[in-house]
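**Q** I am sharing run01.tsv, which consists of TSV, C-alpha atoms (C1' of nucleotides):
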```tsv
chain	number	residue	atom	x	y	z
A	1	MET	CA	0.00	0.00	0.00
A	2	SER	CA	1.54	3.27	-1.07
A	3	VAL	CA	1.95	6.32	1.10
A	4	GLU	CA	-0.40	8.24	-1.16
A	5	GLU	CA	-3.12	5.65	-0.82
A	6	ILE	CA	-2.79	5.63	2.96
A	7	GLN	CA	-2.93	9.41	3.02
A	8	LYS	CA	-6.05	9.37	0.89
A	9	VAL	CA	-7.85	6.94	3.19
A	10	ALA	CA	-6.64	8.86	6.24
A	11	ARG	CA	-8.04	12.10	4.85
A	12	LEU	CA	-11.42	10.46	4.26
A	13	LEU	CA	-11.55	9.06	7.77
A	14	LYS	CA	-10.36	12.29	9.31
A	15	ALA	CA	-13.05	14.21	7.45
A	16	LEU	CA	-15.68	11.81	8.82
A	17	GLY	CA	-14.09	11.61	12.24
A	18	GLU	CA	-15.10	14.98	13.59
A	19	PHE	CA	-18.26	15.10	15.64
A	20	ASN	CA	-20.07	17.95	13.96
A	21	ARG	CA	-19.12	16.80	10.49
A	22	LEU	CA	-20.27	13.27	11.24
A	23	SER	CA	-23.51	14.73	12.61
A	24	LEU	CA	-23.99	16.47	9.29
A	25	VAL	CA	-23.36	13.21	7.46
A	26	TYR	CA	-25.88	11.36	9.62
A	27	GLU	CA	-28.38	14.13	9.09
A	28	LEU	CA	-27.96	13.91	5.33
A	29	CYS	CA	-28.07	10.18	5.71
A	30	GLY	CA	-31.64	10.15	6.87
A	31	CYS	CA	-33.16	12.37	4.24
A	32	LYS	CA	-33.83	11.57	0.65
A	33	ALA	CA	-33.98	15.13	-0.62
A	34	PRO	CA	-30.84	17.27	-0.58
A	35	LYS	CA	-30.66	19.92	2.12
A	36	ASN	CA	-29.14	23.36	2.21
A	37	ALA	CA	-26.69	24.59	4.80
A	38	MET	CA	-29.24	26.63	6.77
A	39	CYS	CA	-31.30	23.55	7.27
A	40	LEU	CA	-28.27	21.47	8.20
A	41	CYS	CA	-27.23	24.16	10.61
A	42	GLU	CA	-30.00	23.13	12.98
A	43	CYS	CA	-28.70	19.62	13.56
A	44	CYS	CA	-25.29	20.83	14.46
A	45	SER	CA	-24.00	23.02	17.27
A	46	VAL	CA	-22.12	25.44	15.06
A	47	ASP	CA	-23.14	28.58	13.26
A	48	ALA	CA	-23.60	28.97	9.52
A	49	SER	CA	-19.96	29.75	8.83
A	50	GLY	CA	-18.90	26.64	10.69
A	51	VAL	CA	-21.34	24.49	8.76
A	52	SER	CA	-20.06	26.04	5.55
A	53	ARG	CA	-16.50	25.09	6.43
A	54	HIS	CA	-17.44	21.57	7.47
A	55	LEU	CA	-19.39	21.02	4.29
A	56	LYS	CA	-16.43	22.24	2.31
A	57	VAL	CA	-14.23	19.61	3.94
A	58	LEU	CA	-16.81	16.91	3.27
A	59	ALA	CA	-17.13	18.03	-0.35
A	60	GLN	CA	-13.36	18.04	-0.84
A	61	GLU	CA	-13.25	14.41	0.21
A	62	GLY	CA	-16.11	13.53	-2.07
A	63	ILE	CA	-18.37	12.70	0.83
A	64	VAL	CA	-21.09	15.12	-0.17
A	65	ALA	CA	-22.16	16.52	-3.51
A	66	SER	CA	-23.44	20.05	-3.82
A	67	GLU	CA	-25.80	21.63	-6.24
A	68	LYS	CA	-26.37	25.32	-6.59
A	69	LYS	CA	-30.04	26.24	-6.80
A	70	GLY	CA	-30.53	29.95	-6.95
A	71	ARG	CA	-29.19	31.53	-3.82
A	72	GLU	CA	-28.99	28.30	-1.95
A	73	ILE	CA	-26.79	25.25	-2.28
A	74	THR	CA	-28.18	21.85	-1.54
A	75	TYR	CA	-26.05	18.98	-0.33
A	76	SER	CA	-26.49	15.26	-0.63
A	77	LEU	CA	-24.42	12.26	0.33
A	78	ASN	CA	-22.38	10.32	-2.18
A	79	ARG	CA	-23.71	7.20	-0.59
A	80	GLU	CA	-22.30	4.49	-2.80
A	81	GLU	CA	-18.82	5.98	-3.03
A	82	ILE	CA	-18.38	6.34	0.73
A	83	ALA	CA	-19.93	2.97	1.45
A	84	GLU	CA	-17.64	1.35	-1.08
A	85	LYS	CA	-14.53	2.93	0.40
A	86	LEU	CA	-15.49	1.97	3.92
A	87	ARG	CA	-16.19	-1.59	2.85
A	88	ALA	CA	-12.89	-1.79	1.00
A	89	LEU	CA	-11.14	-0.77	4.20
A	90	ALA	CA	-13.16	-3.26	6.22
A	91	ASP	CA	-12.27	-6.04	3.77
A	92	LYS	CA	-8.60	-5.17	3.87
A	93	ILE	CA	-8.51	-5.11	7.65
A	94	GLU	CA	-10.39	-8.36	7.92
A	95	ASN	CA	-8.70	-10.35	5.19
A	96	SER	CA	-5.18	-9.08	4.63
A	97	HIS	CA	-3.37	-11.43	6.95
A	98	GLU	CA	-1.71	-13.78	4.52
B	1	MET	CA	-28.97	8.29	16.44
B	2	SER	CA	-27.89	9.57	19.80
B	3	VAL	CA	-25.13	12.05	20.42
B	4	GLU	CA	-23.18	9.41	22.30
B	5	GLU	CA	-23.34	6.98	19.41
B	6	ILE	CA	-22.17	9.63	16.99
B	7	GLN	CA	-19.32	10.56	19.30
B	8	LYS	CA	-18.31	6.94	19.55
B	9	VAL	CA	-18.18	6.48	15.80
B	10	ALA	CA	-16.40	9.80	15.41
B	11	ARG	CA	-13.72	8.74	17.89
B	12	LEU	CA	-13.16	5.50	15.99
B	13	LEU	CA	-12.82	7.29	12.67
B	14	LYS	CA	-10.61	9.97	14.16
B	15	ALA	CA	-8.34	7.32	15.63
B	16	LEU	CA	-8.03	5.68	12.22
B	17	GLY	CA	-7.86	8.98	10.36
B	18	GLU	CA	-4.34	9.96	11.20
B	19	PHE	CA	-1.62	9.02	8.76
B	20	ASN	CA	0.87	7.38	11.09
B	21	ARG	CA	-1.81	5.56	13.04
B	22	LEU	CA	-3.38	4.29	9.85
B	23	SER	CA	0.07	3.20	8.71
B	24	LEU	CA	0.40	1.19	11.90
B	25	VAL	CA	-2.99	-0.39	11.25
B	26	TYR	CA	-2.04	-1.33	7.70
B	27	GLU	CA	1.24	-2.73	8.95
B	28	LEU	CA	-0.56	-4.88	11.50
B	29	CYS	CA	-3.03	-5.71	8.79
B	30	GLY	CA	-0.52	-7.56	6.71
B	31	CYS	CA	1.02	-9.72	9.37
B	32	LYS	CA	-0.48	-12.72	11.04
B	33	ALA	CA	1.69	-12.69	14.15
B	34	PRO	CA	1.38	-9.83	16.62
B	35	LYS	CA	4.17	-7.27	16.59
B	36	ASN	CA	5.74	-5.20	19.31
B	37	ALA	CA	6.13	-1.45	19.26
B	38	MET	CA	9.83	-1.48	18.35
B	39	CYS	CA	9.05	-3.48	15.26
B	40	LEU	CA	6.10	-1.26	14.38
B	41	CYS	CA	8.30	1.75	14.86
B	42	GLU	CA	10.11	0.99	11.63
B	43	CYS	CA	7.07	1.29	9.41
B	44	CYS	CA	6.22	4.66	10.80
B	45	SER	CA	8.09	7.94	10.77
B	46	VAL	CA	7.89	8.58	14.48
B	47	ASP	CA	10.04	7.58	17.41
B	48	ALA	CA	9.17	4.97	20.01
B	49	SER	CA	7.30	7.37	22.27
B	50	GLY	CA	5.17	8.48	19.37
B	51	VAL	CA	4.37	4.91	18.42
B	52	SER	CA	3.51	4.21	22.03
B	53	ARG	CA	1.05	7.08	22.09
B	54	HIS	CA	-0.49	6.12	18.76
B	55	LEU	CA	-0.92	2.53	19.87
B	56	LYS	CA	-2.54	3.76	23.06
B	57	VAL	CA	-5.11	5.68	21.03
B	58	LEU	CA	-5.75	2.66	18.83
B	59	ALA	CA	-6.11	0.43	21.90
B	60	GLN	CA	-8.51	2.84	23.59
B	61	GLU	CA	-10.78	2.62	20.56
B	62	GLY	CA	-10.57	-1.14	20.52
B	63	ILE	CA	-8.74	-1.14	17.21
B	64	VAL	CA	-5.78	-3.10	18.47
B	65	ALA	CA	-5.39	-5.62	21.24
B	66	SER	CA	-2.21	-5.81	23.27
B	67	GLU	CA	-0.60	-8.65	25.08
B	68	LYS	CA	2.23	-8.28	27.51
B	69	LYS	CA	5.01	-10.82	26.96
B	70	GLY	CA	7.88	-10.28	29.31
B	71	ARG	CA	9.33	-6.87	28.70
B	72	GLU	CA	7.64	-6.41	25.40
B	73	ILE	CA	4.05	-5.85	24.41
B	74	THR	CA	2.72	-7.30	21.20
B	75	TYR	CA	-0.12	-5.76	19.29
B	76	SER	CA	-2.64	-7.26	16.92
B	77	LEU	CA	-5.66	-5.95	15.08
B	78	ASN	CA	-9.19	-6.58	16.27
B	79	ARG	CA	-10.05	-7.35	12.70
B	80	GLU	CA	-13.65	-8.47	12.95
B	81	GLU	CA	-14.71	-5.70	15.33
B	82	ILE	CA	-13.33	-2.89	13.20
B	83	ALA	CA	-14.58	-4.43	9.99
B	84	GLU	CA	-18.03	-4.82	11.49
B	85	LYS	CA	-18.17	-1.21	12.65
B	86	LEU	CA	-17.00	0.10	9.30
B	87	ARG	CA	-19.55	-2.02	7.48
B	88	ALA	CA	-22.30	-0.87	9.81
B	89	LEU	CA	-21.43	2.70	8.95
B	90	ALA	CA	-21.30	1.88	5.26
B	91	ASP	CA	-24.71	0.23	5.45
B	92	LYS	CA	-26.20	3.16	7.30
B	93	ILE	CA	-24.84	5.65	4.82
B	94	GLU	CA	-25.96	3.62	1.86
B	95	ASN	CA	-29.40	2.57	3.04
B	96	SER	CA	-30.76	5.05	5.54
B	97	HIS	CA	-32.68	7.25	3.16
B	98	GLU	CA	-36.26	6.31	3.90
C	1	DG	C1'	23.12	-5.70	41.71
C	2	DA	C1'	24.47	-3.98	37.14
C	3	DC	C1'	23.17	-3.56	32.56
C	4	DA	C1'	20.43	-3.80	28.33
C	5	DT	C1'	16.00	-3.53	26.12
C	6	DA	C1'	11.03	-2.13	25.71
C	7	DT	C1'	7.68	1.00	26.85
C	8	DT	C1'	5.54	4.96	29.04
C	9	DT	C1'	5.33	9.63	30.61
C	10	DG	C1'	6.33	14.61	31.46
C	11	DC	C1'	7.48	18.67	29.10
C	12	DG	C1'	7.64	22.04	25.69
C	13	DC	C1'	6.81	23.43	21.03
C	14	DA	C1'	4.92	24.06	16.56
C	15	DA	C1'	1.26	23.18	13.54
C	16	DA	C1'	-3.40	22.11	12.74
C	17	DT	C1'	-8.12	22.68	13.77
C	18	DA	C1'	-12.63	24.25	15.23
C	19	DT	C1'	-15.15	28.19	16.33
C	20	DG	C1'	-17.67	32.80	16.46
C	21	DC	C1'	-18.18	37.21	14.73
C	22	DA	C1'	-18.37	40.52	11.32
C	23	DA	C1'	-17.81	41.74	6.63
C	24	DA	C1'	-18.16	40.42	1.90
C	25	DT	C1'	-20.51	38.13	-1.84
C	26	DA	C1'	-24.33	36.21	-4.44
C	27	DT	C1'	-28.92	36.00	-5.69
C	28	DA	C1'	-34.01	36.18	-5.36
C	29	DG	C1'	-38.10	39.01	-4.69
C	30	DT	C1'	-40.26	43.49	-4.25
D	1	DA	C1'	-32.46	50.13	-6.36
D	2	DC	C1'	-33.54	48.16	-1.97
D	3	DT	C1'	-34.12	44.39	1.05
D	4	DA	C1'	-33.92	39.79	2.67
D	5	DT	C1'	-31.78	35.36	2.59
D	6	DA	C1'	-27.86	32.03	1.83
D	7	DT	C1'	-23.19	31.28	1.82
D	8	DT	C1'	-18.28	32.28	2.06
D	9	DT	C1'	-14.25	34.41	3.91
D	10	DG	C1'	-10.97	37.07	6.89
D	11	DC	C1'	-9.58	37.53	11.41
D	12	DA	C1'	-8.68	36.46	16.13
D	13	DT	C1'	-8.71	33.01	19.52
D	14	DA	C1'	-8.81	28.80	22.08
D	15	DT	C1'	-8.03	24.09	21.93
D	16	DT	C1'	-6.21	19.99	20.25
D	17	DT	C1'	-2.76	17.29	18.40
D	18	DG	C1'	1.53	15.19	16.87
D	19	DC	C1'	6.19	15.26	17.80
D	20	DG	C1'	11.03	14.68	19.84
D	21	DC	C1'	13.73	14.48	23.74
D	22	DA	C1'	14.93	13.09	28.16
D	23	DA	C1'	13.65	10.84	32.30
D	24	DA	C1'	11.14	7.24	34.49
D	25	DT	C1'	9.44	2.57	34.72
D	26	DA	C1'	9.36	-2.37	33.88
D	27	DT	C1'	11.41	-6.52	32.91
D	28	DG	C1'	14.77	-9.86	31.21
D	29	DT	C1'	19.88	-11.29	31.27
D	30	DC	C1'	24.39	-11.53	33.05
```
Represent the structure of the file as structure tokens.

**A**
Amino acid sequence: MSVEEIQKVARLLKALGEFNRLSLVYELCGCKAPKNAMCLCECCSVDASGVSRHLKVLAQEGIVASEKKGREITYSLNREEIAEKLRALADKIENSHE
Amino acid sequence: MSVEEIQKVARLLKALGEFNRLSLVYELCGCKAPKNAMCLCECCSVDASGVSRHLKVLAQEGIVASEKKGREITYSLNREEIAEKLRALADKIENSHE
DNA sequence: GACATATTTGCGCAAATATGCAAATATAGT
DNA sequence: ACTATATTTGCATATTTGCGCAAATATGTC
């Protein structure tokens, strides 16, 4: 496993491993329709600027997708991609002992 | 999902989401026999005290198990537990939209 | 007991991070 | 053009975190 690959996985896990960000992910998790930041702000103990920054981190790691709709931006989870990456890690951890 | 549950998952992901700690996990991943900290030190760009601290974090989150053997302590991955938690998260992310 | 090896811990430091507030920006509606 | 709403960004700050070094601790060997 290359350093770059490890760094990539570490960045994903770090992005998910912060309480307020993970709260945002769980919030998005439960809803079918995308939500905007104001709405997400309520599930999370930070103000709008904080939510904006957290969503930026999540977007950079490909955890959420954003779509601009007029003056608001709606966010949704990239469910399959994240699930796949987490399962790949789970498989590696469980099955890599030769 | 309760705050405590989210915090618990966040702590697990945070523990895994640091480059040197994840490197240790991958190193342990590939070997069947448990390794001690001195040995693990080589795969990781930190000194023994750093490895000790990282292993402590991993142990606190139940990621590694330790066994004291004389003056050395050997570490091994709790493979099934971690894999199960990661898959549970993957399932939730993938399937929780009602 | 003296010494070597393995690990932990205290300390200080530098970098990263999360946060709130206020200002800036963008855009919709009037 | 003015106003309201949504989001981002700059700044300051407080906290956390990772790190190395040296000292302390634990244990095996002679």

**Q** Superposition of chain B onto chain A by least squares over all sequentially paired C-alpha atoms; the transformed chain is requested as a PDB file with C-alpha atoms, in the frame of the given file.

**A**
```pdb
ATOM      1  CA  MET B   1       0.043   0.113  -0.070  1.00  0.00           C
ATOM      2  CA  SER B   2       1.548   3.387  -1.124  1.00  0.00           C
ATOM      3  CA  VAL B   3       1.941   6.426   1.059  1.00  0.00           C
ATOM      4  CA  GLU B   4      -0.436   8.339  -1.176  1.00  0.00           C
ATOM      5  CA  GLU B   5      -3.144   5.725  -0.834  1.00  0.00           C
ATOM      6  CA  ILE B   6      -2.791   5.712   2.924  1.00  0.00           C
ATOM      7  CA  GLN B   7      -2.961   9.491   3.009  1.00  0.00           C
ATOM      8  CA  LYS B   8      -6.083   9.422   0.903  1.00  0.00           C
ATOM      9  CA  VAL B   9      -7.848   6.985   3.190  1.00  0.00           C
ATOM     10  CA  ALA B  10      -6.636   8.891   6.230  1.00  0.00           C
ATOM     11  CA  ARG B  11      -8.083  12.132   4.867  1.00  0.00           C
ATOM     12  CA  LEU B  12     -11.442  10.458   4.289  1.00  0.00           C
ATOM     13  CA  LEU B  13     -11.548   9.042   7.800  1.00  0.00           C
ATOM     14  CA  LYS B  14     -10.373  12.297   9.320  1.00  0.00           C
ATOM     15  CA  ALA B  15     -13.093  14.175   7.474  1.00  0.00           C
ATOM     16  CA  LEU B  16     -15.695  11.773   8.845  1.00  0.00           C
ATOM     17  CA  GLY B  17     -14.081  11.572  12.270  1.00  0.00           C
ATOM     18  CA  GLU B  18     -15.141  14.902  13.628  1.00  0.00           C
ATOM     19  CA  PHE B  19     -18.304  15.042  15.680  1.00  0.00           C
ATOM     20  CA  ASN B  20     -20.112  17.897  13.978  1.00  0.00           C
ATOM     21  CA  ARG B  21     -19.146  16.742  10.510  1.00  0.00           C
ATOM     22  CA  LEU B  22     -20.294  13.227  11.275  1.00  0.00           C
ATOM     23  CA  SER B  23     -23.525  14.688  12.623  1.00  0.00           C
ATOM     24  CA  LEU B  24     -24.019  16.445   9.307  1.00  0.00           C
ATOM     25  CA  VAL B  25     -23.401  13.171   7.486  1.00  0.00           C
ATOM     26  CA  TYR B  26     -25.923  11.325   9.635  1.00  0.00           C
ATOM     27  CA  GLU B  27     -28.414  14.118   9.108  1.00  0.00           C
ATOM     28  CA  LEU B  28     -27.987  13.894   5.348  1.00  0.00           C
ATOM     29  CA  CYS B  29     -28.114  10.157   5.738  1.00  0.00           C
ATOM     30  CA  GLY B  30     -31.681  10.137   6.888  1.00  0.00           C
ATOM     31  CA  CYS B  31     -33.187  12.383   4.281  1.00  0.00           C
ATOM     32  CA  LYS B  32     -33.870  11.585   0.685  1.00  0.00           C
ATOM     33  CA  ALA B  33     -34.001  15.152  -0.596  1.00  0.00           C
ATOM     34  CA  PRO B  34     -30.857  17.272  -0.554  1.00  0.00           C
ATOM     35  CA  LYS B  35     -30.659  19.935   2.130  1.00  0.00           C
ATOM     36  CA  ASN B  36     -29.103  23.359   2.194  1.00  0.00           C
ATOM     37  CA  ALA B  37     -26.639  24.598   4.765  1.00  0.00           C
ATOM     38  CA  MET B  38     -29.168  26.666   6.726  1.00  0.00           C
ATOM     39  CA  CYS B  39     -31.272  23.592   7.249  1.00  0.00           C
ATOM     40  CA  LEU B  40     -28.249  21.491   8.172  1.00  0.00           C
ATOM     41  CA  CYS B  41     -27.193  24.177  10.581  1.00  0.00           C
ATOM     42  CA  GLU B  42     -29.976  23.202  12.946  1.00  0.00           C
ATOM     43  CA  CYS B  43     -28.773  19.668  13.515  1.00  0.00           C
ATOM     44  CA  CYS B  44     -25.333  20.840  14.413  1.00  0.00           C
ATOM     45  CA  SER B  45     -24.073  23.032  17.217  1.00  0.00           C
ATOM     46  CA  VAL B  46     -22.151  25.442  15.046  1.00  0.00           C
ATOM     47  CA  ASP B  47     -23.080  28.607  13.222  1.00  0.00           C
ATOM     48  CA  ALA B  48     -23.515  28.962   9.478  1.00  0.00           C
ATOM     49  CA  SER B  49     -19.862  29.703   8.793  1.00  0.00           C
ATOM     50  CA  GLY B  50     -18.854  26.601  10.674  1.00  0.00           C
ATOM     51  CA  VAL B  51     -21.308  24.472   8.742  1.00  0.00           C
ATOM     52  CA  SER B  52     -20.003  25.989   5.539  1.00  0.00           C
ATOM     53  CA  ARG B  53     -16.458  25.016   6.423  1.00  0.00           C
ATOM     54  CA  HIS B  54     -17.450  21.515   7.491  1.00  0.00           C
ATOM     55  CA  LEU B  55     -19.391  20.971   4.291  1.00  0.00           C
ATOM     56  CA  LYS B  56     -16.395  22.180   2.323  1.00  0.00           C
ATOM     57  CA  VAL B  57     -14.228  19.534   3.971  1.00  0.00           C
ATOM     58  CA  LEU B  58     -16.830  16.863   3.294  1.00  0.00           C
ATOM     59  CA  ALA B  59     -17.121  17.988  -0.337  1.00  0.00           C
ATOM     60  CA  GLN B  60     -13.355  17.984  -0.826  1.00  0.00           C
ATOM     61  CA  GLU B  61     -13.273  14.346   0.243  1.00  0.00           C
ATOM     62  CA  GLY B  62     -16.130  13.478  -2.053  1.00  0.00           C
ATOM     63  CA  ILE B  63     -18.404  12.667   0.859  1.00  0.00           C
ATOM     64  CA  VAL B  64     -21.108  15.088  -0.151  1.00  0.00           C
ATOM     65  CA  ALA B  65     -22.158  16.483  -3.487  1.00  0.00           C
ATOM     66  CA  SER B  66     -23.433  20.025  -3.805  1.00  0.00           C
ATOM     67  CA  GLU B  67     -25.780  21.596  -6.246  1.00  0.00           C
ATOM     68  CA  LYS B  68     -26.299  25.290  -6.607  1.00  0.00           C
ATOM     69  CA  LYS B  69     -29.971  26.265  -6.831  1.00  0.00           C
ATOM     70  CA  GLY B  70     -30.420  29.982  -7.014  1.00  0.00           C
ATOM     71  CA  ARG B  71     -29.028  31.534  -3.890  1.00  0.00           C
ATOM     72  CA  GLU B  72     -28.894  28.319  -1.991  1.00  0.00           C
ATOM     73  CA  ILE B  73     -26.734  25.249  -2.290  1.00  0.00           C
ATOM     74  CA  THR B  74     -28.161  21.847  -1.538  1.00  0.00           C
ATOM     75  CA  TYR B  75     -26.066  18.984  -0.313  1.00  0.00           C
ATOM     76  CA  SER B  76     -26.524  15.252  -0.600  1.00  0.00           C
ATOM     77  CA  LEU B  77     -24.465  12.243   0.364  1.00  0.00           C
ATOM     78  CA  ASN B  78     -22.412  10.303  -2.145  1.00  0.00           C
ATOM     79  CA  ARG B  79     -23.754   7.187  -0.542  1.00  0.00           C
ATOM     80  CA  GLU B  80     -22.354   4.462  -2.755  1.00  0.00           C
ATOM     81  CA  GLU B  81     -18.867   5.961  -2.986  1.00  0.00           C
ATOM     82  CA  ILE B  82     -18.418   6.327   0.756  1.00  0.00           C
ATOM     83  CA  ALA B  83     -19.956   2.959   1.480  1.00  0.00           C
ATOM     84  CA  GLU B  84     -17.665   1.338  -1.055  1.00  0.00           C
ATOM     85  CA  LYS B  85     -14.553   2.936   0.414  1.00  0.00           C
ATOM     86  CA  LEU B  86     -15.506   1.971   3.945  1.00  0.00           C
ATOM     87  CA  ARG B  87     -16.196  -1.592   2.880  1.00  0.00           C
ATOM     88  CA  ALA B  88     -12.903  -1.769   1.025  1.00  0.00           C
ATOM     89  CA  LEU B  89     -11.145  -0.753   4.205  1.00  0.00           C
ATOM     90  CA  ALA B  90     -13.148  -3.247   6.223  1.00  0.00           C
ATOM     91  CA  ASP B  91     -12.266  -6.014   3.782  1.00  0.00           C
ATOM     92  CA  LYS B  92      -8.601  -5.123   3.853  1.00  0.00           C
ATOM     93  CA  ILE B  93      -8.498  -5.080   7.619  1.00  0.00           C
ATOM     94  CA  GLU B  94     -10.377  -8.324   7.910  1.00  0.00           C
ATOM     95  CA  ASN B  95      -8.684 -10.318   5.173  1.00  0.00           C
ATOM     96  CA  SER B  96      -5.187  -9.034   4.565  1.00  0.00           C
ATOM     97  CA  HIS B  97      -3.327 -11.363   6.868  1.00  0.00           C
ATOM     98  CA  GLU B  98      -1.631 -13.711   4.447  1.00  0.00           C
TER      99      GLU B  98
END
```

**Q** Residues of chain A within 10 Å of chain C, using only C-alpha atoms (C1' of nucleotides), as a list in words?

**A**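 My answer is Glu18, Asn20, Val46, Asp47, Ala48, Ser49, Gly50, Arg53, His54, Lys69, Gly70, Arg71 and Glu72 of chain A.
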
**Q** May I have the selected residues written with C-alpha atoms, as a PDB file, in the frame of the given file?

**A**
```pdb
ATOM      1  CA  GLU A  18     -15.100  14.980  13.590  1.00  0.00           C
ATOM      2  CA  ASN A  20     -20.070  17.950  13.960  1.00  0.00           C
ATOM      3  CA  VAL A  46     -22.120  25.440  15.060  1.00  0.00           C
ATOM      4  CA  ASP A  47     -23.140  28.580  13.260  1.00  0.00           C
ATOM      5  CA  ALA A  48     -23.600  28.970   9.520  1.00  0.00           C
ATOM      6  CA  SER A  49     -19.960  29.750   8.830  1.00  0.00           C
ATOM      7  CA  GLY A  50     -18.900  26.640  10.690  1.00  0.00           C
ATOM      8  CA  ARG A  53     -16.500  25.090   6.430  1.00  0.00           C
ATOM      9  CA  HIS A  54     -17.440  21.570   7.470  1.00  0.00           C
ATOM     10  CA  LYS A  69     -30.040  26.240  -6.800  1.00  0.00           C
ATOM     11  CA  GLY A  70     -30.530  29.950  -6.950  1.00  0.00           C
ATOM     12  CA  ARG A  71     -29.190  31.530  -3.820  1.00  0.00           C
ATOM     13  CA  GLU A  72     -28.990  28.300  -1.950  1.00  0.00           C
TER      14      GLU A  72
END
```

**Q** Taking all atoms listed in the file into account, which residues of chain D are within 7 Å of chain B, as a PyMOL selection string?

**A** chain D and resi 26-28

**Q** Give one line per residue of chain A that approaches chain B to at most 9 Å, naming the two atoms of the closest pair and their distance in Å to one decimal, counting all atoms listed in the file; sort by chain then ascending residue number and deliver it as a tab-separated table.

**A**
```
residue	atom	partner	partner_atom	distance
A:Met1	CA	B:Tyr26	CA	8.1
A:Val3	CA	B:Ser23	CA	8.4
A:Ile6	CA	B:Phe19	CA	6.8
A:Gln7	CA	B:Phe19	CA	5.9
A:Val9	CA	B:Gly17	CA	7.5
A:Ala10	CA	B:Gly17	CA	4.3
A:Arg11	CA	B:Gly17	CA	6.3
A:Leu12	CA	B:Gly17	CA	7.2
A:Leu13	CA	B:Gly17	CA	4.5
A:Lys14	CA	B:Gly17	CA	4.3
A:Ala15	CA	B:Gly17	CA	7.9
A:Leu16	CA	B:Leu13	CA	6.6
A:Gly17	CA	B:Lys14	CA	4.3
A:Glu18	CA	B:Ala10	CA	5.6
A:Phe19	CA	B:Ala10	CA	5.6
A:Arg21	CA	B:Ala10	CA	9.0
A:Leu22	CA	B:Ala10	CA	6.7
A:Ser23	CA	B:Ile6	CA	6.9
A:Val25	CA	B:Ile93	CA	8.1
A:Tyr26	CA	B:Ile93	CA	7.5
A:Leu28	CA	B:His97	CA	8.4
A:Cys29	CA	B:Ile93	CA	5.6
A:Gly30	CA	B:His97	CA	4.8
A:Cys31	CA	B:His97	CA	5.3
A:Lys32	CA	B:His97	CA	5.1
A:Ala33	CA	B:His97	CA	8.8
A:Leu77	CA	B:Ile93	CA	8.0
A:Asn78	CA	B:Glu94	CA	8.6
A:Arg79	CA	B:Glu94	CA	4.9
A:Glu80	CA	B:Glu94	CA	6.0
A:Glu81	CA	B:Glu94	CA	9.0
A:Ile82	CA	B:Ala90	CA	7.0
A:Ala83	CA	B:Ala90	CA	4.2
A:Glu84	CA	B:Ala90	CA	7.3
A:Lys85	CA	B:Ala90	CA	8.4
A:Leu86	CA	B:Leu86	CA	5.9
A:Arg87	CA	B:Arg87	CA	5.7
A:Leu89	CA	B:Ala83	CA	7.7
A:Ala90	CA	B:Ala83	CA	4.2
A:Asp91	CA	B:Ala83	CA	6.8
A:Lys92	CA	B:Cys29	CA	7.5
A:Ile93	CA	B:Cys29	CA	5.6
A:Glu94	CA	B:Arg79	CA	4.9
A:Asn95	CA	B:Cys29	CA	8.2
A:Ser96	CA	B:Gly30	CA	5.3
A:His97	CA	B:Gly30	CA	4.8
A:Glu98	CA	B:Gly30	CA	6.7
```

**Q** Work out how far apart CA of Ala37 (chain A) and CA of Gly62 (chain A) are and give it in Å to one decimal.

**A**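 Computing the Euclidean distance for CA of Ala37 (chain A) and CA of Gly62 (chain A) yields 16.8 Å.
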
**Q** How far is it from CA of Cys41 (chain B) to C1' of DT17 (chain D), in Å with one decimal?

**A**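 The value is 19.4 Å.
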
**Q** What does the structure give for the distance between C1' of DA23 (chain D) and CA of Val51 (chain B), in Å to one decimal?

**A**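 Interatomic distance here is 17.7 Å.
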
**Q** Starting from the sparse input, extend region 12-20 of chain B to N, CA and C atoms and give the output as a PDB file, in the coordinates of the input.

**A**
```
ATOM      1  N   LEU B  12     -13.768   6.594  16.746  1.00  0.00           N
ATOM      2  CA  LEU B  12     -13.160   5.500  15.990  1.00  0.00           C
ATOM      3  C   LEU B  12     -12.535   6.010  14.693  1.00  0.00           C
ATOM      4  N   LEU B  13     -13.306   6.812  13.958  1.00  0.00           N
ATOM      5  CA  LEU B  13     -12.820   7.290  12.670  1.00  0.00           C
ATOM      6  C   LEU B  13     -11.659   8.257  12.842  1.00  0.00           C
ATOM      7  N   LYS B  14     -11.715   9.043  13.896  1.00  0.00           N
ATOM      8  CA  LYS B  14     -10.610   9.970  14.160  1.00  0.00           C
ATOM      9  C   LYS B  14      -9.335   9.197  14.491  1.00  0.00           C
ATOM     10  N   ALA B  15      -9.499   8.139  15.276  1.00  0.00           N
ATOM     11  CA  ALA B  15      -8.340   7.320  15.630  1.00  0.00           C
ATOM     12  C   ALA B  15      -7.712   6.719  14.382  1.00  0.00           C
ATOM     13  N   LEU B  16      -8.539   6.280  13.454  1.00  0.00           N
ATOM     14  CA  LEU B  16      -8.030   5.680  12.220  1.00  0.00           C
ATOM     15  C   LEU B  16      -7.571   6.747  11.219  1.00  0.00           C
ATOM     16  N   GLY B  17      -8.061   7.957  11.374  1.00  0.00           N
ATOM     17  CA  GLY B  17      -7.860   8.980  10.360  1.00  0.00           C
ATOM     18  C   GLY B  17      -6.619   9.828  10.523  1.00  0.00           C
ATOM     19  N   GLU B  18      -5.617   9.250  11.109  1.00  0.00           N
ATOM     20  CA  GLU B  18      -4.340   9.960  11.200  1.00  0.00           C
ATOM     21  C   GLU B  18      -3.295   9.113  10.488  1.00  0.00           C
ATOM     22  N   PHE B  19      -2.490   9.763   9.674  1.00  0.00           N
ATOM     23  CA  PHE B  19      -1.620   9.020   8.760  1.00  0.00           C
ATOM     24  C   PHE B  19      -0.751   7.970   9.438  1.00  0.00           C
ATOM     25  N   ASN B  20      -0.033   8.350  10.464  1.00  0.00           N
ATOM     26  CA  ASN B  20       0.870   7.380  11.090  1.00  0.00           C
ATOM     27  C   ASN B  20       0.113   6.269  11.799  1.00  0.00           C
TER      28      ASN B  20
END
```
